[in-house]
>>> print(open('structure_39.txt').read())   # compact mmCIF, C-alpha atoms
# COMPACT_ATOMS: atom_id res chain seq x y z
CA MET B 1 -7.12 9.99 24.42
CA THR B 2 -6.40 13.54 23.31
CA LEU B 3 -6.12 14.80 19.74
CA ARG B 4 -2.34 14.64 20.03
CA ASP B 5 -2.51 11.07 21.39
CA TRP B 6 -4.56 9.85 18.43
CA TYR B 7 -2.13 11.50 16.04
CA TYR B 8 0.92 9.81 17.58
CA GLN B 9 -0.94 6.48 17.81
CA LEU B 10 -1.55 6.68 14.07
CA LYS B 11 2.04 7.71 13.40
CA ASN B 12 3.65 5.02 15.57
CA GLU B 13 1.39 2.11 14.66
CA PHE B 14 1.09 2.72 10.92
CA GLN B 15 4.24 4.81 10.28
CA GLU B 16 1.96 7.36 8.65
CA GLU B 17 2.12 11.14 8.82
CA LEU B 18 -1.21 12.94 8.99
CA ASN B 19 -1.50 15.20 5.93
CA ILE B 20 -4.21 17.85 6.05
CA MET B 21 -5.30 20.08 3.17
CA LEU B 22 -6.69 23.45 4.26
CA TYR B 23 -8.91 25.75 2.21
CA GLU B 24 -10.54 28.74 3.89
CA PRO B 25 -11.23 32.01 2.00
CA ASP B 26 -11.65 34.07 5.20
CA PRO B 27 -8.09 35.25 6.02
CA PHE B 28 -8.71 35.69 9.76
CA LEU B 29 -10.26 32.23 10.24
CA PHE B 30 -7.62 30.73 7.95
CA GLU B 31 -4.77 31.98 10.17
CA LEU B 32 -6.59 30.82 13.30
CA ILE B 33 -7.07 27.26 12.00
CA LYS B 34 -3.59 27.11 10.50
CA ASP B 35 -1.94 28.13 13.79
CA MET B 36 -3.97 25.58 15.72
CA LEU B 37 -3.03 22.75 13.34
CA GLU B 38 0.65 23.68 13.46
CA GLU B 39 0.59 23.29 17.25
CA TYR B 40 0.06 19.56 16.71
CA ASN B 41 2.80 19.26 14.06
CA PHE B 42 0.35 18.13 11.40
CA LYS B 43 1.58 18.36 7.83
CA ILE B 44 -0.52 21.13 6.27
CA GLU B 45 -1.00 21.90 2.58
CA ILE B 46 -2.62 25.28 1.95
CA VAL B 47 -4.70 25.66 -1.20
CA PRO B 48 -5.50 29.16 -2.51
CA ASN B 49 -8.67 28.31 -4.45
CA LEU B 50 -11.21 25.57 -5.16
CA LYS B 51 -9.58 24.55 -8.46
CA SER B 52 -6.36 23.65 -6.64
CA ILE B 53 -8.06 21.06 -4.41
CA SER B 54 -8.57 18.34 -7.03
CA LYS B 55 -5.11 18.84 -8.51
CA LYS B 56 -3.47 18.53 -5.08
CA LEU B 57 -5.46 15.38 -4.31
CA ILE B 58 -4.24 13.72 -7.51
CA ASP B 59 -0.58 14.54 -6.88
CA ASN B 60 -0.40 13.98 -3.10
CA ASN B 61 -1.65 11.77 -0.29
CA PHE B 62 -4.04 13.48 2.14
CA GLN B 63 -6.18 11.97 4.87
CA ILE B 64 -8.24 15.07 5.75
CA LEU B 65 -9.55 18.05 3.79
CA ILE B 66 -10.68 21.03 5.88
CA MET B 67 -12.79 23.19 3.60
CA GLY B 68 -14.53 26.50 4.07
CA ILE B 69 -18.02 26.64 2.50
CA GLU B 70 -19.58 30.00 1.55
CA GLY B 71 -22.59 28.84 -0.44
CA LYS B 72 -21.11 28.84 -3.95
CA SER B 73 -22.34 26.21 -6.41
CA GLU B 74 -18.78 25.19 -7.36
CA GLU B 75 -18.10 24.24 -3.72
CA ILE B 76 -20.53 21.30 -3.89
CA LYS B 77 -19.00 20.27 -7.20
CA THR B 78 -15.51 20.37 -5.68
CA LEU B 79 -16.67 18.45 -2.62
CA LYS B 80 -18.17 15.71 -4.75
CA GLU B 81 -15.11 15.51 -7.00
CA ALA B 82 -12.72 15.32 -4.02
CA LYS B 83 -14.61 12.34 -2.58
CA LYS B 84 -14.68 10.67 -5.98
CA LEU B 85 -10.93 11.07 -6.39
CA LYS B 86 -10.21 9.67 -2.94
CA LYS B 87 -13.02 7.74 -1.26
CA GLU B 88 -11.18 7.37 2.05
CA LEU B 89 -10.55 11.13 2.31
CA LEU B 90 -12.28 12.65 5.36
CA ILE B 91 -13.80 16.05 4.55
CA TYR B 92 -14.41 18.59 7.32
CA CYS B 93 -16.64 21.48 6.16
CA MET B 94 -16.75 24.86 7.89
CA VAL B 95 -20.08 26.45 6.94
CA ASP B 96 -21.32 30.02 7.39
CA MET B 97 -24.46 29.75 9.53
CA HIS B 98 -26.08 32.75 7.79
CA LYS B 99 -25.93 31.26 4.26
CA ASN B 100 -28.93 28.95 4.85
CA LEU B 101 -27.18 26.01 3.21
CA ASP B 102 -28.71 22.56 3.01
CA VAL B 103 -26.40 20.59 5.31
CA ALA B 104 -27.91 17.32 4.11
CA GLU B 105 -26.64 18.14 0.61
CA LEU B 106 -23.11 18.52 1.98
CA PHE B 107 -23.23 15.10 3.63
CA MET B 108 -24.77 13.53 0.53
CA ASN B 109 -21.92 14.86 -1.61
CA GLY B 110 -19.03 13.72 0.57
CA ALA B 111 -18.78 15.73 3.80
CA ASP B 112 -17.86 13.66 6.87
CA GLU B 113 -18.15 16.48 9.40
CA VAL B 114 -19.79 19.93 9.37
CA ILE B 115 -19.22 22.79 11.79
CA PHE B 116 -21.04 26.13 11.67
CA LYS B 117 -19.28 29.50 11.79
CA PRO B 118 -18.73 31.17 14.14
CA PHE B 119 -17.33 28.37 16.32
CA SER B 120 -14.91 28.02 19.20
CA LEU B 121 -11.51 26.41 18.73
CA GLY B 122 -12.50 23.93 21.42
CA GLU B 123 -15.43 22.74 19.35
CA PHE B 124 -13.29 22.63 16.22
CA ARG B 125 -10.66 20.48 18.01
CA ALA B 126 -13.31 18.11 19.35
CA ARG B 127 -14.75 17.48 15.88
CA LEU B 128 -11.28 17.06 14.38
CA TRP B 129 -10.45 14.62 17.20
CA ARG B 130 -13.48 12.54 16.19
CA LEU B 131 -12.39 12.48 12.54
CA ILE B 132 -8.83 11.40 13.37
CA LYS B 133 -10.13 8.71 15.72
CA GLU B 134 -12.46 7.51 12.94
CA TYR B 135 -9.56 7.40 10.49
CA TYR B 136 -7.42 5.42 12.95
CA ILE B 137 -10.19 2.87 13.54
CA SER B 138 -10.76 2.47 9.79
CA LYS B 139 -7.02 1.81 9.34
CA LYS B 140 -7.17 -0.74 12.13
CA LEU B 141 -10.11 -2.54 10.52
CA GLU B 142 -8.41 -2.41 7.13
CA ARG B 143 -5.35 -4.07 8.63
CA TYR B 144 -7.45 -6.95 9.98
CA ILE B 145 -9.06 -7.41 6.58
CA ILE B 146 -5.91 -7.33 4.42
CA GLU B 147 -3.22 -8.78 6.70
CA ASP B 148 -2.32 -12.42 7.27
CA ALA B 149 -2.95 -13.03 10.97
CA LEU B 150 0.18 -15.13 11.54
CA THR B 151 2.93 -13.45 9.53
CA GLY B 152 1.73 -9.84 9.43
CA VAL B 153 2.26 -9.58 5.65
CA TYR B 154 -0.64 -9.00 3.26
CA ASN B 155 -3.06 -11.86 2.65
CA ARG B 156 -4.18 -13.44 -0.62
CA ARG B 157 -7.30 -11.29 -0.87
CA TYR B 158 -5.16 -8.17 -0.79
CA PHE B 159 -2.67 -9.72 -3.24
CA GLU B 160 -5.36 -10.23 -5.86
CA THR B 161 -6.56 -6.63 -5.53
CA ALA B 162 -3.07 -5.13 -5.42
CA LEU B 163 -1.79 -7.14 -8.40
CA LYS B 164 -4.76 -5.99 -10.47
CA GLU B 165 -4.19 -2.34 -9.56
CA GLU B 166 -0.41 -2.47 -10.04
CA SER B 167 -0.69 -4.39 -13.34
CA TYR B 168 -3.24 -1.89 -14.66
CA ARG B 169 -0.91 1.02 -13.90
CA ALA B 170 2.13 -0.80 -15.30
CA LEU B 171 0.43 -1.64 -18.60
CA ARG B 172 -1.14 1.77 -18.96
CA GLN B 173 1.98 3.76 -18.12
CA GLY B 174 4.43 1.37 -19.76
CA TYR B 175 6.68 0.52 -16.83
CA PRO B 176 7.89 -2.98 -15.86
CA LEU B 177 6.44 -5.11 -13.08
CA THR B 178 7.87 -8.39 -11.83
CA LEU B 179 6.30 -11.06 -9.66
CA LEU B 180 8.18 -13.41 -7.33
CA MET B 181 6.50 -16.68 -6.37
CA ILE B 182 8.15 -18.24 -3.31
CA ASP B 183 7.74 -21.71 -1.80
CA LEU B 184 9.43 -23.30 1.22
CA ASP B 185 11.42 -26.53 0.76
CA LYS B 186 11.43 -29.15 3.56
CA PHE B 187 8.91 -27.14 5.55
CA LYS B 188 6.66 -30.16 6.15
CA TRP B 189 9.61 -32.11 7.58
CA TYR B 190 10.50 -29.13 9.84
CA ASN B 191 6.89 -28.78 10.97
CA ASP B 192 6.52 -32.51 11.74
CA HIS B 193 9.94 -32.76 13.40
CA TYR B 194 9.87 -29.62 15.59
CA GLY B 195 6.13 -29.02 15.97
CA HIS B 196 3.59 -26.52 14.64
CA SER B 197 4.76 -23.73 16.94
CA ALA B 198 8.26 -23.96 15.47
CA GLY B 199 6.73 -24.13 11.98
CA ASP B 200 4.83 -20.92 12.67
CA LYS B 201 8.11 -19.22 13.58
CA VAL B 202 9.53 -20.27 10.21
CA LEU B 203 6.58 -18.70 8.37
CA ILE B 204 6.92 -15.52 10.44
CA GLY B 205 10.63 -15.53 9.60
CA VAL B 206 9.88 -15.78 5.88
CA GLY B 207 7.54 -12.79 6.10
CA GLU B 208 10.16 -10.74 7.93
CA THR B 209 12.88 -11.78 5.48
CA LEU B 210 10.80 -10.74 2.48
CA CYS B 211 9.78 -7.42 4.04
CA ASN B 212 13.38 -6.63 5.01
CA SER B 213 14.55 -7.42 1.47
CA THR B 214 12.04 -5.20 -0.36
CA ARG B 215 10.99 -1.54 -0.55
CA THR B 216 8.59 -0.35 2.13
CA LYS B 217 5.28 1.01 0.75
CA VAL B 218 6.37 0.19 -2.83
CA ASP B 219 6.73 -3.59 -3.07
CA LYS B 220 3.92 -5.83 -1.82
CA VAL B 221 4.76 -8.93 0.24
CA CYS B 222 1.83 -11.36 0.56
CA ARG B 223 1.15 -14.82 1.91
CA TYR B 224 -0.39 -16.71 -1.00
CA GLY B 225 -1.42 -19.70 1.08
CA GLY B 226 0.17 -22.34 3.32
CA ASP B 227 3.93 -22.02 2.88
CA GLU B 228 3.73 -20.03 -0.37
CA PHE B 229 4.46 -16.31 -0.56
CA VAL B 230 4.42 -13.77 -3.39
CA VAL B 231 6.11 -10.40 -3.87
CA ILE B 232 4.86 -7.74 -6.31
CA LEU B 233 7.73 -5.54 -7.54
CA PRO B 234 6.43 -2.46 -9.43
CA HIS B 235 8.86 -0.47 -11.60
CA THR B 236 11.19 -3.49 -11.59
CA THR B 237 12.46 -5.59 -14.50
CA TRP B 238 13.33 -9.25 -14.01
CA ARG B 239 17.00 -8.22 -13.90
CA GLY B 240 16.27 -5.84 -11.04
CA ALA B 241 14.23 -8.56 -9.36
CA LEU B 242 17.30 -10.83 -9.25
CA LYS B 243 18.98 -8.32 -6.93
CA VAL B 244 15.96 -8.65 -4.64
CA VAL B 245 16.21 -12.46 -4.86
CA GLU B 246 19.86 -12.26 -3.88
CA ARG B 247 19.00 -10.16 -0.81
CA ILE B 248 16.25 -12.60 0.14
CA PHE B 249 18.58 -15.61 0.03
CA LYS B 250 21.26 -13.79 2.00
CA LYS B 251 18.87 -12.69 4.74
CA TRP B 252 17.21 -16.12 4.86
CA GLU B 253 20.57 -17.80 5.47
CA GLU B 254 21.01 -15.48 8.47
CA THR B 255 17.75 -16.68 10.09
CA GLY B 256 19.17 -20.17 10.75
CA PHE B 257 15.98 -22.10 9.96
CA LYS B 258 17.89 -25.00 8.43
CA PRO B 259 17.24 -27.21 6.52
CA VAL B 260 14.31 -25.11 5.22
CA THR B 261 15.22 -23.33 1.98
CA LEU B 262 13.40 -21.15 -0.56
CA SER B 263 12.49 -21.81 -4.18
CA ILE B 264 11.65 -18.65 -6.15
CA GLY B 265 9.99 -18.24 -9.53
CA VAL B 266 10.58 -14.94 -11.34
CA ALA B 267 8.26 -13.60 -14.06
CA GLU B 268 7.82 -10.17 -15.61
CA LEU B 269 4.43 -8.81 -16.65
CA ILE B 270 3.69 -9.17 -20.39
CA ASP B 271 0.77 -7.46 -22.14
CA ARG B 272 -1.54 -10.24 -23.36
CA GLY B 273 -4.19 -7.95 -24.85
CA ASN B 274 -6.30 -7.34 -21.76
CA LEU B 275 -5.75 -6.95 -18.04
CA GLU B 276 -7.24 -10.24 -16.83
CA LYS B 277 -5.30 -12.36 -19.32
CA SER B 278 -2.07 -10.51 -18.54
CA ILE B 279 -2.49 -11.10 -14.79
CA SER B 280 -3.44 -14.79 -15.01
CA ASP B 281 -0.56 -15.35 -17.43
CA LEU B 282 1.88 -13.64 -15.05
CA ILE B 283 0.82 -15.76 -12.06
CA LYS B 284 0.93 -18.96 -14.13
CA ARG B 285 4.45 -18.25 -15.44
CA ALA B 286 5.80 -17.31 -12.00
CA ASP B 287 4.23 -20.43 -10.49
CA GLU B 288 5.67 -22.72 -13.16
CA ALA B 289 9.12 -21.16 -12.78
CA MET B 290 8.93 -21.69 -9.00
CA TYR B 291 8.11 -25.39 -9.40
CA LYS B 292 11.06 -25.81 -11.74
CA ALA B 293 13.29 -24.22 -9.09
CA LYS B 294 11.95 -26.68 -6.48
CA LYS B 295 13.38 -29.61 -8.42
CA ARG B 296 16.83 -28.56 -7.21
CA GLU B 297 18.30 -28.43 -3.70
CA GLY B 298 18.98 -25.30 -1.66
CA ASN B 299 17.98 -21.66 -2.16
CA THR B 300 17.34 -21.59 -5.90
CA PHE B 301 15.43 -19.49 -8.39
CA GLU B 302 14.23 -19.75 -11.95
CA VAL B 303 13.40 -17.04 -14.43
CA ASP B 304 10.40 -17.77 -16.61
CA GLU B 305 11.24 -18.53 -20.26
CA GLU B 306 8.77 -15.97 -21.65
CA THR B 307 10.37 -13.36 -19.41
CA LEU B 308 13.81 -14.17 -20.80
CA LYS B 309 12.50 -13.65 -24.33
CA LEU B 310 11.97 -10.00 -23.42
CA SER B 311 15.76 -9.71 -23.51
CA VAL B 312 16.30 -11.31 -26.91
CA GLY B 313 19.26 -9.61 -28.55
CA GLU B 314 20.58 -8.34 -25.23
CA GLU B 315 23.57 -9.71 -23.39
CA LEU B 316 22.28 -11.88 -20.54
CA PRO B 317 23.99 -12.11 -17.13
CA GLN B 318 26.61 -14.82 -16.63
CA GLY B 319 25.28 -18.32 -16.03
CA ASP B 320 22.22 -20.31 -16.99
CA LEU B 321 19.33 -18.43 -15.41
CA SER B 322 17.16 -21.52 -15.47
CA PHE B 323 19.54 -23.29 -13.08
CA GLN B 324 21.59 -20.53 -11.47
CA VAL B 325 21.94 -20.57 -7.69
CA LEU B 326 22.80 -17.25 -6.08
CA GLN B 327 25.63 -17.54 -3.59
>>> encode(input="structure_39.txt", output="structure tokens")
Amino acid sequence: MTLRDWYYQLKNEFQEELNIMLYEPDPFLFELIKDMLEEYNFKIEIVPNLKSISKKLIDNNFQILIMGIEGKSEEIKTLKEAKKLKKELLIYCMVDMHKNLDVAELFMNGADEVIFKPFSLGEFRARLWRLIKEYYISKKLERYIIEDALTGVYNRRYFETALKEESYRALRQGYPLTLLMIDLDKFKWYNDHYGHSAGDKVLIGVGETLCNSTRTKVDKVCRYGGDEFVVILPHTTWRGALKVVERIFKKWEETGFKPVTLSIGVAELIDRGNLEKSISDLIKRADEAMYKAKKREGNTFEVDEETLKLSVGEELPQGDLSFQVLQ
């Protein structure tokens, strides 16, 4: 596969643009590399100096940093800091052959590829091709590790990591986060009556319904285990989560997997003094709310009582939220 092929494979399979940061103090070489990258329609961010690299990495998502190295001490420092900020970042160093630099030091501090100046564009392309191929393979392996094999949504291992990260950010930055705990009603009957193959289609249908009802790359849809699913909704209050619940029920009705219905527990993150307690409390409250919802027939949901207390003094939506069924 060519360099262009790997790029489009990455784009089509993972819906991900390839963002490249370029720093090269030599104006002639800079223009040469820039023109070559633009031929492949890569997204390129040009940085004027070393200090800009770390700032750009914090504010944006880059997969590759192409960095000119002239032998300055701050270059190693920047290289090390860039890798620390983003471990998965691939760093491609262009090194002046006449500077007698210790290449081993570059690799030890974060470089993934090194090319010596002067070089041909053919050699530069070949090394970039290897980096992009490496990135694609790492994404492929990551998918196998974090995805549920049957439904294609995230698995429980990823859920635990993602919830910890999202909860940490939510508590630190002071924005809301809501968790949906979802269980299938009458799934065992469906599975026994129509067979395991048909049951698998139901589970796949749930995954698709949840993904189609939530925000891509923002909300996290995960299979918690068996016929239980969870959805992490960052920057979302429980009130906002009810709109998501409504979409879920509407789309589920359209799938036609009757008589299987969904019971959903809704709980908003509450600061319990430390991260671990806040997370375990959130899961427990969402789980308990879901089991209360299961006591009723049809697509039903329940909002956790502690979550409702967050709205004390506010006018609540119409209806008893502990027993409301969205139509």
>>> atom_distance(input="structure_39.txt", atom1="CA of Asp148 in chain B", atom2="CA of Leu177 in chain B")
23.3 Å
>>> residues_around(input="structure_39.txt", residues="Gly199 in chain B", least_positions_apart="2", cutoff="10 Å", atoms="only C-alpha atoms", output="number ranges by chain")
B: 187-197, 201-205, 227, 257
>>> residues_around(input="structure_39.txt", residues="Arg223 in chain B", least_positions_apart="2", cutoff="9 Å", atoms="all atoms listed in the file", output="compact mmCIF listing (two decimals) with C-alpha atoms, in the frame of the given file")
# COMPACT_ATOMS: atom_id res chain seq x y z
CA GLU B 147 -3.22 -8.78 6.70
CA ASP B 148 -2.32 -12.42 7.27
CA THR B 151 2.93 -13.45 9.53
CA VAL B 153 2.26 -9.58 5.65
CA TYR B 154 -0.64 -9.00 3.26
CA ASN B 155 -3.06 -11.86 2.65
CA ARG B 156 -4.18 -13.44 -0.62
CA PHE B 159 -2.67 -9.72 -3.24
CA GLY B 207 7.54 -12.79 6.10
CA VAL B 221 4.76 -8.93 0.24
CA GLY B 225 -1.42 -19.70 1.08
CA GLY B 226 0.17 -22.34 3.32
CA ASP B 227 3.93 -22.02 2.88
CA GLU B 228 3.73 -20.03 -0.37
CA PHE B 229 4.46 -16.31 -0.56
CA VAL B 230 4.42 -13.77 -3.39
CA VAL B 231 6.11 -10.40 -3.87
>>> closest_atom_pairs(input="structure_39.txt", of="range 11-65 of chain B", to="range 108-128 of chain B", cutoff="10 Å", atoms="only C-alpha atoms", output="JSON lines")
{"residue": "B:Leu29", "atom": "CA", "partner": "B:Pro118", "partner_atom": "CA", "distance": 9.4}
{"residue": "B:Leu32", "atom": "CA", "partner": "B:Leu121", "partner_atom": "CA", "distance": 8.6}
{"residue": "B:Ile33", "atom": "CA", "partner": "B:Leu121", "partner_atom": "CA", "distance": 8.1}
{"residue": "B:Met36", "atom": "CA", "partner": "B:Leu121", "partner_atom": "CA", "distance": 8.2}
{"residue": "B:Leu37", "atom": "CA", "partner": "B:Arg125", "partner_atom": "CA", "distance": 9.2}
{"residue": "B:Ile64", "atom": "CA", "partner": "B:Leu128", "partner_atom": "CA", "distance": 9.4}
{"residue": "B:Leu65", "atom": "CA", "partner": "B:Ala111", "partner_atom": "CA", "distance": 9.5}
>>> write_last_selection(input="structure_39.txt", atoms="C-alpha atoms", output="PDB file, keeping the file's coordinate frame")
ATOM      1  CA  LEU B  29     -10.260  32.230  10.240  1.00  0.00           C
ATOM      2  CA  LEU B  32      -6.590  30.820  13.300  1.00  0.00           C
ATOM      3  CA  ILE B  33      -7.070  27.260  12.000  1.00  0.00           C
ATOM      4  CA  MET B  36      -3.970  25.580  15.720  1.00  0.00           C
ATOM      5  CA  LEU B  37      -3.030  22.750  13.340  1.00  0.00           C
ATOM      6  CA  ILE B  64      -8.240  15.070   5.750  1.00  0.00           C
ATOM      7  CA  LEU B  65      -9.550  18.050   3.790  1.00  0.00           C
TER       8      LEU B  65
END
>>> closest_residue(input="structure_39.txt", among="B:Cys222, B:Ile20, B:Ala104, B:Leu184", to="Thr161 in chain B", atoms="all atoms listed in the file")
B:Cys222
>>> residues_around(input="structure_39.txt", residues="Trp238 in chain B", least_positions_apart="6", cutoff="12 Å", atoms="all atoms listed in the file", output="PyMOL selection string")
chain B and resi 176-180+232+244-245+265-270+286+301-311+316-317+321
>>> residues_around(input="structure_39.txt", residues="Lys139 in chain B", least_positions_apart="6", cutoff="12 Å", atoms="all atoms listed in the file", output="list in words")
Gln9, Leu10, Lys11, Glu13, Phe14, Gln15, Glu16, Gln63, Glu88, Ile132, Lys133, Ile145, Ile146 and Glu147 of chain B
>>> residues_around(input="structure_39.txt", residues="His235 in chain B", least_positions_apart="5", cutoff="10 Å", atoms="all atoms listed in the file", output="MDAnalysis selection string")
chainID B and resid 166 170 174:178 218:219 240:241
>>> atom_distance(input="structure_39.txt", atom1="CA of Asn19 in chain B", atom2="CA of Asn61 in chain B")
7.1 Å
